[in-house]
>>> print(open('target-v2.tsv').read())   # TSV, C-alpha atoms
chain	number	residue	atom	x	y	z
A	186	MET	CA	22.46	-1.50	27.04
A	187	ILE	CA	21.25	-3.05	23.78
A	188	SER	CA	23.48	-5.65	22.14
A	189	THR	CA	25.23	-4.21	19.09
A	190	GLU	CA	23.69	-6.78	16.80
A	191	ASP	CA	20.17	-5.91	17.94
A	192	GLN	CA	20.95	-2.23	17.67
A	193	ILE	CA	22.04	-2.59	14.04
A	194	TYR	CA	18.82	-4.33	13.06
A	195	ILE	CA	16.64	-1.95	15.08
A	196	GLN	CA	18.23	0.99	13.26
A	197	LYS	CA	17.70	-0.69	9.90
A	198	VAL	CA	14.02	-1.31	10.67
A	199	LEU	CA	13.58	2.27	11.84
A	200	GLN	CA	15.13	3.49	8.60
A	201	GLY	CA	12.48	1.61	6.65
A	202	ASP	CA	14.15	-1.75	6.00
A	203	THR	CA	11.23	-3.92	7.18
A	204	GLN	CA	12.98	-7.17	6.20
A	205	SER	CA	15.60	-6.64	8.91
A	206	PHE	CA	12.87	-7.30	11.43
A	207	THR	CA	13.00	-10.97	10.33
A	208	VAL	CA	16.33	-11.33	12.17
A	209	LEU	CA	14.81	-10.03	15.39
A	210	VAL	CA	11.74	-12.29	15.03
A	211	ASP	CA	13.94	-15.33	14.44
A	212	LYS	CA	16.13	-14.48	17.40
A	213	TYR	CA	13.36	-14.02	19.95
A	214	LYS	CA	10.49	-16.14	18.63
A	215	ASP	CA	11.25	-19.23	20.72
A	216	LEU	CA	11.36	-17.43	24.02
A	217	VAL	CA	8.36	-15.26	23.19
A	218	PHE	CA	6.43	-18.38	22.17
A	219	THR	CA	7.56	-20.16	25.36
A	220	ILE	CA	6.29	-17.25	27.48
A	221	ALA	CA	2.99	-17.34	25.58
A	222	ILE	CA	2.55	-21.10	25.89
A	223	ARG	CA	3.42	-21.12	29.60
A	224	MET	CA	0.85	-18.42	30.22
A	225	LEU	CA	-1.94	-19.49	27.90
A	226	LYS	CA	-1.36	-23.27	28.13
A	227	ASN	CA	-2.56	-23.72	24.55
A	228	ARG	CA	-0.36	-23.91	21.42
A	229	ASP	CA	-2.79	-22.27	18.97
A	230	GLU	CA	-3.60	-19.39	21.27
A	231	ALA	CA	0.08	-19.01	22.10
A	232	GLU	CA	1.05	-18.83	18.43
A	233	GLU	CA	-1.61	-16.22	17.73
A	234	ALA	CA	-0.50	-14.22	20.77
A	235	ALA	CA	3.16	-14.50	19.74
A	236	GLN	CA	2.32	-13.03	16.32
A	237	ASP	CA	0.47	-10.14	17.99
A	238	ILE	CA	3.46	-9.61	20.26
A	239	PHE	CA	5.87	-9.20	17.33
A	240	ILE	CA	3.49	-6.84	15.55
A	241	LYS	CA	3.27	-4.78	18.74
A	242	VAL	CA	7.07	-4.82	19.00
A	243	TYR	CA	7.33	-3.61	15.40
A	244	LYS	CA	4.81	-0.81	15.93
A	245	SER	CA	6.40	0.29	19.20
A	246	LEU	CA	9.98	0.09	17.95
A	247	PRO	CA	10.27	3.89	17.48
A	248	LYS	CA	9.38	4.25	21.19
A	249	PHE	CA	12.15	1.90	22.35
A	250	GLN	CA	14.72	4.15	24.02
A	251	GLY	CA	17.34	1.57	24.88
A	252	ASN	CA	17.13	2.09	28.65
A	253	SER	CA	16.90	-1.66	29.10
A	254	LYS	CA	18.01	-4.69	27.10
A	255	PHE	CA	16.01	-5.16	23.91
A	256	SER	CA	15.19	-8.70	25.04
A	257	THR	CA	13.81	-7.43	28.38
A	258	TRP	CA	11.63	-4.96	26.48
A	259	VAL	CA	10.36	-7.70	24.13
A	260	TYR	CA	9.63	-10.08	27.03
A	261	LYS	CA	7.76	-7.32	28.85
A	262	ILE	CA	5.53	-6.75	25.81
A	263	ALA	CA	5.07	-10.53	25.56
A	264	TYR	CA	4.12	-10.89	29.22
A	265	HIS	CA	1.61	-8.03	29.15
A	266	THR	CA	0.04	-9.10	25.84
A	267	CYS	CA	-0.54	-12.58	27.26
A	268	LEU	CA	-1.95	-11.07	30.45
A	269	ASP	CA	-4.45	-9.17	28.29
A	270	VAL	CA	-5.43	-12.43	26.55
A	271	LEU	CA	-5.88	-14.11	29.94
A	272	LYS	CA	-8.04	-11.23	31.13
A	273	LYS	CA	-10.05	-11.23	27.89
A	274	TYR	CA	-10.94	-14.90	28.14
A	275	LYS	CA	-10.99	-14.82	31.95
A	276	LYS	CA	-8.82	-17.89	32.12
A	277	GLU	CA	-8.30	-19.33	35.55
A	278	THR	CA	-4.76	-19.86	36.70
A	279	LEU	CA	-3.68	-22.96	38.48
A	280	ALA	CA	-2.64	-22.53	42.09
A	281	VAL	CA	-0.03	-24.78	43.59
A	282	SER	CA	-0.01	-24.95	47.37
A	283	LEU	CA	3.25	-24.90	49.22
A	284	GLU	CA	1.67	-26.85	52.07
A	285	ASP	CA	2.53	-30.16	50.44
A	286	TYR	CA	6.13	-29.14	50.24
A	287	LYS	CA	8.66	-31.17	52.20
A	288	GLY	CA	11.71	-28.99	52.10
A	289	ASN	CA	14.47	-31.26	53.27
A	290	GLU	CA	14.18	-34.08	50.80
A	291	VAL	CA	15.89	-32.58	47.79
A	292	SER	CA	18.59	-35.26	47.66
A	293	GLU	CA	16.03	-38.06	47.38
A	294	LEU	CA	14.13	-36.13	44.77
A	295	GLU	CA	17.33	-35.54	42.83
A	296	SER	CA	18.31	-39.19	42.96
A	297	ALA	CA	14.82	-40.25	41.91
A	298	PHE	CA	14.94	-37.81	39.04
A	299	HIS	CA	18.28	-39.13	37.82
A	300	VAL	CA	16.89	-42.65	37.54
A	301	LEU	CA	14.85	-41.49	34.57
A	302	VAL	CA	16.34	-41.56	31.09
A	303	GLN	CA	17.13	-38.20	29.49
A	304	GLN	CA	14.02	-38.07	27.33
A	305	GLU	CA	11.78	-38.86	30.29
A	306	GLN	CA	13.55	-36.20	32.31
A	307	GLN	CA	12.90	-33.59	29.62
A	308	GLU	CA	9.28	-34.61	29.25
A	309	ILE	CA	8.71	-34.42	32.98
A	310	ILE	CA	10.36	-30.99	33.24
A	311	GLN	CA	8.23	-29.62	30.42
A	312	LYS	CA	5.13	-31.00	32.10
A	313	CYS	CA	6.11	-29.49	35.45
A	314	LEU	CA	6.73	-26.09	33.85
A	315	THR	CA	3.33	-26.21	32.20
A	316	ILE	CA	1.64	-27.06	35.50
A	317	LEU	CA	3.57	-24.37	37.39
A	318	PRO	CA	1.63	-21.05	37.60
A	319	TYR	CA	2.69	-18.83	34.71
A	320	GLU	CA	4.42	-16.12	36.71
A	321	GLU	CA	6.71	-18.62	38.44
A	322	SER	CA	7.32	-20.53	35.24
A	323	ILE	CA	8.36	-17.38	33.37
A	324	LEU	CA	10.47	-16.24	36.28
A	325	LEU	CA	12.41	-19.51	36.34
A	326	THR	CA	12.79	-19.57	32.54
A	327	LEU	CA	14.11	-16.02	32.42
A	328	TYR	CA	16.42	-16.52	35.41
A	329	TYR	CA	17.92	-19.91	34.65
A	330	TYR	CA	17.46	-20.28	30.90
A	331	GLU	CA	17.86	-16.70	29.71
A	332	GLU	CA	20.19	-15.80	32.60
A	333	GLN	CA	18.45	-12.48	33.11
A	334	SER	CA	19.17	-10.57	36.31
A	335	LEU	CA	16.54	-10.12	39.02
A	336	GLU	CA	16.28	-6.42	38.08
A	337	GLU	CA	15.53	-7.30	34.46
A	338	ILE	CA	12.97	-9.94	35.48
A	339	ALA	CA	11.36	-7.45	37.86
A	340	ARG	CA	11.04	-5.03	34.94
A	341	VAL	CA	9.38	-7.68	32.77
A	342	LEU	CA	6.90	-8.69	35.47
A	343	ASN	CA	6.41	-5.13	36.67
A	344	ILE	CA	7.35	-5.93	40.27
A	345	SER	CA	10.17	-4.80	42.58
A	346	SER	CA	13.54	-6.58	42.61
A	347	ASN	CA	12.94	-7.73	46.19
A	348	ASN	CA	9.58	-9.14	45.21
A	349	ALA	CA	11.22	-10.94	42.28
A	350	LYS	CA	13.75	-12.46	44.69
A	351	VAL	CA	11.01	-13.72	47.01
A	352	LYS	CA	9.01	-15.05	44.08
A	353	LEU	CA	12.09	-16.85	42.72
A	354	PHE	CA	12.56	-18.60	46.05
A	355	ARG	CA	8.90	-19.67	46.10
A	356	SER	CA	9.05	-20.74	42.45
A	357	ARG	CA	11.88	-23.16	43.22
A	358	LYS	CA	9.85	-24.70	46.03
A	359	LYS	CA	6.76	-24.97	43.87
A	360	LEU	CA	8.70	-26.60	41.05
A	361	GLU	CA	10.08	-29.16	43.50
A	362	THR	CA	6.55	-29.84	44.80
A	363	ILE	CA	5.21	-30.37	41.31
A	364	LEU	CA	8.19	-32.53	40.33
A	365	ARG	CA	7.60	-34.70	43.39
A	366	MET	CA	3.97	-35.13	42.32
A	367	GLN	CA	4.93	-35.93	38.75
A	368	LEU	CA	7.67	-38.48	39.41
A	369	PRO	CA	6.52	-42.09	39.62
A	370	THR	CA	5.63	-42.78	43.29
A	371	GLU	CA	7.59	-46.03	43.37
A	372	ILE	CA	10.85	-44.27	42.60
A	373	ILE	CA	10.33	-41.62	45.29
A	374	GLU	CA	9.26	-44.20	47.89
A	375	ASN	CA	12.24	-46.36	47.03
A	376	TYR	CA	14.67	-43.51	47.67
A	377	GLU	CA	12.89	-42.36	50.81
A	378	ARG	CA	13.05	-45.92	52.22
A	379	ARG	CA	16.76	-46.13	51.48
A	380	ASN	CA	17.47	-42.91	53.35
A	381	LYS	CA	15.55	-43.88	56.51
B	234	MET	CA	22.55	-23.42	53.82
B	235	LYS	CA	24.15	-26.40	52.08
B	236	GLU	CA	20.68	-27.79	51.43
B	237	GLU	CA	19.63	-24.49	49.83
B	238	ILE	CA	22.68	-24.53	47.55
B	239	ASN	CA	21.89	-28.12	46.58
B	240	LYS	CA	18.33	-27.12	45.84
B	241	GLU	CA	19.43	-24.22	43.68
B	242	ASP	CA	21.87	-26.43	41.77
B	243	PHE	CA	19.18	-29.02	41.23
B	244	ILE	CA	16.69	-26.44	39.91
B	245	LYS	CA	19.42	-25.00	37.69
B	246	GLU	CA	20.05	-28.47	36.31
B	247	LEU	CA	16.32	-29.00	35.76
B	248	MET	CA	15.94	-25.73	33.92
B	249	ARG	CA	18.94	-26.42	31.73
B	250	LYS	CA	17.42	-29.74	30.77
B	251	SER	CA	14.19	-27.99	29.82
B	252	HIS	CA	13.95	-26.61	26.32
B	253	LEU	CA	12.24	-23.66	24.75
B	254	GLU	CA	9.05	-24.26	22.84
B	255	SER	CA	9.15	-23.45	19.13
B	256	PRO	CA	6.29	-22.08	17.06
B	257	THR	CA	5.31	-23.66	13.72
B	258	GLU	CA	7.69	-23.43	10.75
B	259	GLY	CA	6.01	-20.60	8.90
B	260	PHE	CA	5.81	-18.39	11.98
B	261	THR	CA	8.36	-15.75	10.92
B	262	LEU	CA	6.85	-15.59	7.43
B	263	GLN	CA	3.36	-15.06	8.85
B	264	VAL	CA	4.59	-12.30	11.15
B	265	MET	CA	6.43	-10.60	8.28
B	266	GLN	CA	3.36	-10.80	6.02
B	267	GLN	CA	1.26	-9.10	8.68
B	268	ILE	CA	3.92	-6.45	9.13
B	269	GLU	CA	4.08	-5.82	5.37
B	270	LYS	CA	0.30	-5.30	5.40
B	271	GLU	CA	0.72	-2.92	8.31
B	272	VAL	CA	3.33	-0.93	6.39
B	273	VAL	CA	1.08	-0.67	3.31
B	274	VAL	CA	-1.92	0.44	5.39
B	275	ARG	CA	0.23	3.00	7.19
B	276	LYS	CA	1.42	4.41	3.84
B	277	LEU	CA	-2.12	4.54	2.43
B	278	TYR	CA	-3.49	6.26	5.48
B	279	THR	CA	-1.01	9.11	5.54
B	280	PRO	CA	-3.34	12.11	5.94
B	281	LEU	CA	-3.61	14.46	2.96
B	282	ILE	CA	-3.52	17.43	5.27
B	283	THR	CA	-1.10	17.15	8.14
B	284	LYS	CA	-1.86	18.39	11.63
B	285	LYS	CA	0.49	21.33	11.07
B	286	MET	CA	-1.39	22.32	7.94
B	287	TRP	CA	-4.71	22.12	9.76
B	288	LEU	CA	-3.32	24.43	12.43
B	289	ILE	CA	-2.16	26.97	9.83
B	290	ILE	CA	-5.53	26.81	8.09
B	291	THR	CA	-7.40	27.32	11.37
B	292	VAL	CA	-5.23	30.32	12.32
B	293	LEU	CA	-5.67	31.87	8.89
B	294	PHE	CA	-9.39	31.24	8.97
B	295	ALA	CA	-9.74	32.75	12.42
B	296	PHE	CA	-7.67	35.75	11.32
B	297	PHE	CA	-9.77	36.46	8.24
B	298	LEU	CA	-12.99	35.85	10.13
B	299	SER	CA	-11.96	38.33	12.81
B	300	ILE	CA	-11.05	40.95	10.17
B	301	ALA	CA	-14.37	40.36	8.47
B	302	PHE	CA	-16.29	40.81	11.70
B	303	TYR	CA	-14.27	43.86	12.59
B	304	PHE	CA	-14.92	45.63	9.30
B	305	LEU	CA	-18.50	44.50	9.15
B	306	GLY	CA	-18.91	45.90	12.62
B	307	ASN	CA	-17.27	49.16	11.56
B	308	LEU	CA	-19.56	49.58	8.60
B	309	GLU	CA	-22.75	48.56	10.29
B	310	THR	CA	-22.55	49.73	13.85
B	311	LYS	CA	-20.80	53.05	13.56
B	312	ASN	CA	-21.25	55.04	16.77
B	313	THR	CA	-23.62	52.44	18.20
B	314	THR	CA	-23.19	50.36	21.32
B	315	ALA	CA	-20.13	48.18	21.16
B	316	SER	CA	-20.55	44.56	20.19
B	317	LEU	CA	-18.36	41.71	21.48
B	318	PHE	CA	-15.96	41.92	18.55
B	319	GLN	CA	-15.73	45.68	18.73
B	320	ASN	CA	-14.75	45.36	22.37
B	321	VAL	CA	-11.96	43.03	21.36
B	322	PHE	CA	-10.64	45.18	18.55
B	323	GLN	CA	-11.17	48.61	20.05
B	324	ASN	CA	-7.80	48.46	21.75
B	325	SER	CA	-4.80	50.38	20.50
B	326	TRP	CA	-3.76	48.05	17.68
B	327	ASP	CA	-7.08	48.47	15.85
B	328	LYS	CA	-5.84	51.90	14.75
B	329	LEU	CA	-3.56	50.05	12.36
B	330	PHE	CA	-6.54	49.07	10.28
B	331	LEU	CA	-8.46	52.32	10.47
B	332	SER	CA	-7.27	53.50	7.08
B	333	ILE	CA	-8.16	50.23	5.38
B	334	ARG	CA	-11.68	50.02	4.03
B	335	PHE	CA	-13.27	46.87	2.67
B	336	SER	CA	-16.64	46.79	1.06
B	337	LYS	CA	-19.29	44.54	2.54
B	338	THR	CA	-19.30	42.44	-0.63
B	339	LEU	CA	-15.56	41.81	-0.44
B	340	THR	CA	-15.75	40.87	3.22
B	341	PHE	CA	-18.63	38.47	2.64
B	342	SER	CA	-16.88	36.90	-0.34
B	343	LEU	CA	-13.69	36.43	1.70
B	344	VAL	CA	-15.56	34.69	4.51
B	345	LEU	CA	-17.51	32.59	2.04
B	346	PHE	CA	-14.33	31.68	0.18
B	347	PHE	CA	-12.66	30.36	3.32
B	348	ILE	CA	-15.72	28.45	4.44
B	349	CYS	CA	-15.98	26.84	1.01
B	350	SER	CA	-12.27	26.02	0.96
B	351	LEU	CA	-12.55	24.27	4.32
B	352	LEU	CA	-15.61	22.34	3.21
B	353	GLN	CA	-13.86	21.34	0.01
B	354	MET	CA	-10.84	20.12	1.96
B	355	PHE	CA	-13.09	18.05	4.19
B	356	PHE	CA	-14.84	16.46	1.22
B	357	ILE	CA	-11.61	15.83	-0.71
B	358	THR	CA	-10.01	14.20	2.35
B	359	SER	CA	-12.97	11.92	2.99
B	360	TYR	CA	-13.19	11.09	-0.74
B	361	PHE	CA	-9.55	9.97	-0.87
B	362	ASN	CA	-9.86	8.11	2.40
B	363	ARG	CA	-12.80	6.15	1.02
B	364	LYS	CA	-10.99	5.51	-2.23
B	365	THR	CA	-7.84	4.20	-0.56
B	366	LYS	CA	-9.63	2.08	2.05
B	367	LEU	CA	-8.61	-1.58	1.73
>>> encode(input="target-v2.tsv", output="structure tokens")
Amino acid sequence: MISTEDQIYIQKVLQGDTQSFTVLVDKYKDLVFTIAIRMLKNRDEAEEAAQDIFIKVYKSLPKFQGNSKFSTWVYKIAYHTCLDVLKKYKKETLAVSLEDYKGNEVSELESAFHVLVQQEQQEIIQKCLTILPYEESILLTLYYYEEQSLEEIARVLNISSNNAKVKLFRSRKKLETILRMQLPTEIIENYERRNK
Amino acid sequence: MKEEINKEDFIKELMRKSHLESPTEGFTLQVMQQIEKEVVVRKLYTPLITKKMWLIITVLFAFFLSIAFYFLGNLETKNTTASLFQNVFQNSWDKLFLSIRFSKTLTFSLVLFFICSLLQMFFITSYFNRKTKL
């Protein structure tokens, strides 16, 4: 199940070639750091946590049996390390209510979103993903960005596949809610007026 | 249903427009430096006596200690009430050793030798551990 490239480098590291680990760090550092930043909401803490994650990965490498994708295994370590940091500092997580959600207005929201220039769009998405509770944010990133299957995501988050499916559905709704709150009110109102 | 598909497409588009966060430039180097340290520490802390060796030593020690007690018992408590160790060794296989005779001095020196060896090992191990501590 491991990609051949990963397998080659894992074998090299296990045989004592520590420098081969650089390739694995370079390959996964962005996503690991993204998971850390979405969970800890702080760049410095996320960077420190990401370093710890890679050291844990290195130490646990002999235990990796290849039953899952190497990336899934790395993301799982990342997720649980960040959870430990959250528990240690007893950080509160932001809750987004679905009560504010108006489910049938996606077309207006989409049109309003497309009015923004590309850079604004990217900024607003990043902001929304930071506001989104970490579990949902990671779920969406792994599903849409990393194109991981629901089974793999369930393994990372330590939940059942069905639960992952339900959470994915809720995550989409929450992201829409946050996006609606983040977009300039005038744009949304303008599109809502046009559709009435 | 159509609305759900639209929603999913829209979220997909949003997520594609998002980008992954990147750590600072020297991130990989910092990780590798910490790993190199880890490797050095791991090499330095390789125990002088492995677990297997400790097991062999313990078995040998127990064996010699039992023999010592057995022969001491034989010499000292001939025809007296059986002690705990005599009870253990008074089964059939103790006949194997009946012809062997050790003097008290030899038995004591053997026990003392093994106790000293173990103590020495303990001190040598802790000495090297202290010396190699970073």
>>> atom_distance(input="target-v2.tsv", atom1="CA of Leu281 (chain B)", atom2="CA of Pro247 (chain A)")
22.7 Å
>>> residues_around(input="target-v2.tsv", residues="Ile244 (chain B)", least_positions_apart="5", cutoff="9 Å", atoms="all atoms listed in the file", output="VMD selection string")
(chain A and resid 325 329 357 360 to 361) or (chain B and resid 239 249)
>>> atom_distance(input="target-v2.tsv", atom1="CA of Lys352 (chain A)", atom2="CA of Ile309 (chain A)")
22.3 Å
>>> interface_residues(input="target-v2.tsv", of="chain B", to="chain A", cutoff="12 Å", atoms="all atoms listed in the file", output="ChimeraX atom specification")
/B:234-273,275-276
>>> residues_around(input="target-v2.tsv", residues="region 342-350 of chain B", least_positions_apart="3", cutoff="8 Å", atoms="all atoms listed in the file", output="short mmCIF file (atom, residue, chain, number, x, y, z; two decimals) with C-alpha atoms, in the coordinates of the input")
data_model
loop_
_atom_site.label_atom_id
_atom_site.label_comp_id
_atom_site.auth_asym_id
_atom_site.auth_seq_id
_atom_site.Cartn_x
_atom_site.Cartn_y
_atom_site.Cartn_z
CA PHE B 294 -9.39 31.24 8.97
CA PHE B 297 -9.77 36.46 8.24
CA LEU B 298 -12.99 35.85 10.13
CA ALA B 301 -14.37 40.36 8.47
CA THR B 338 -19.30 42.44 -0.63
CA LEU B 339 -15.56 41.81 -0.44
CA GLN B 353 -13.86 21.34 0.01
CA MET B 354 -10.84 20.12 1.96
#
>>> atom_distance(input="target-v2.tsv", atom1="CA of Leu246 (chain A)", atom2="CA of Tyr264 (chain A)")
16.8 Å
>>> closest_residue(input="target-v2.tsv", among="B:Leu288, B:Ile282, B:Lys337, B:Ile300", to="Ser359 (chain B)", atoms="all atoms listed in the file")
B:Ile282
>>> closest_residue(input="target-v2.tsv", among="A:Ile363, A:Ala234, A:Ala349, A:Cys267", to="Ile316 (chain A)", atoms="only C-alpha atoms")
A:Ile363
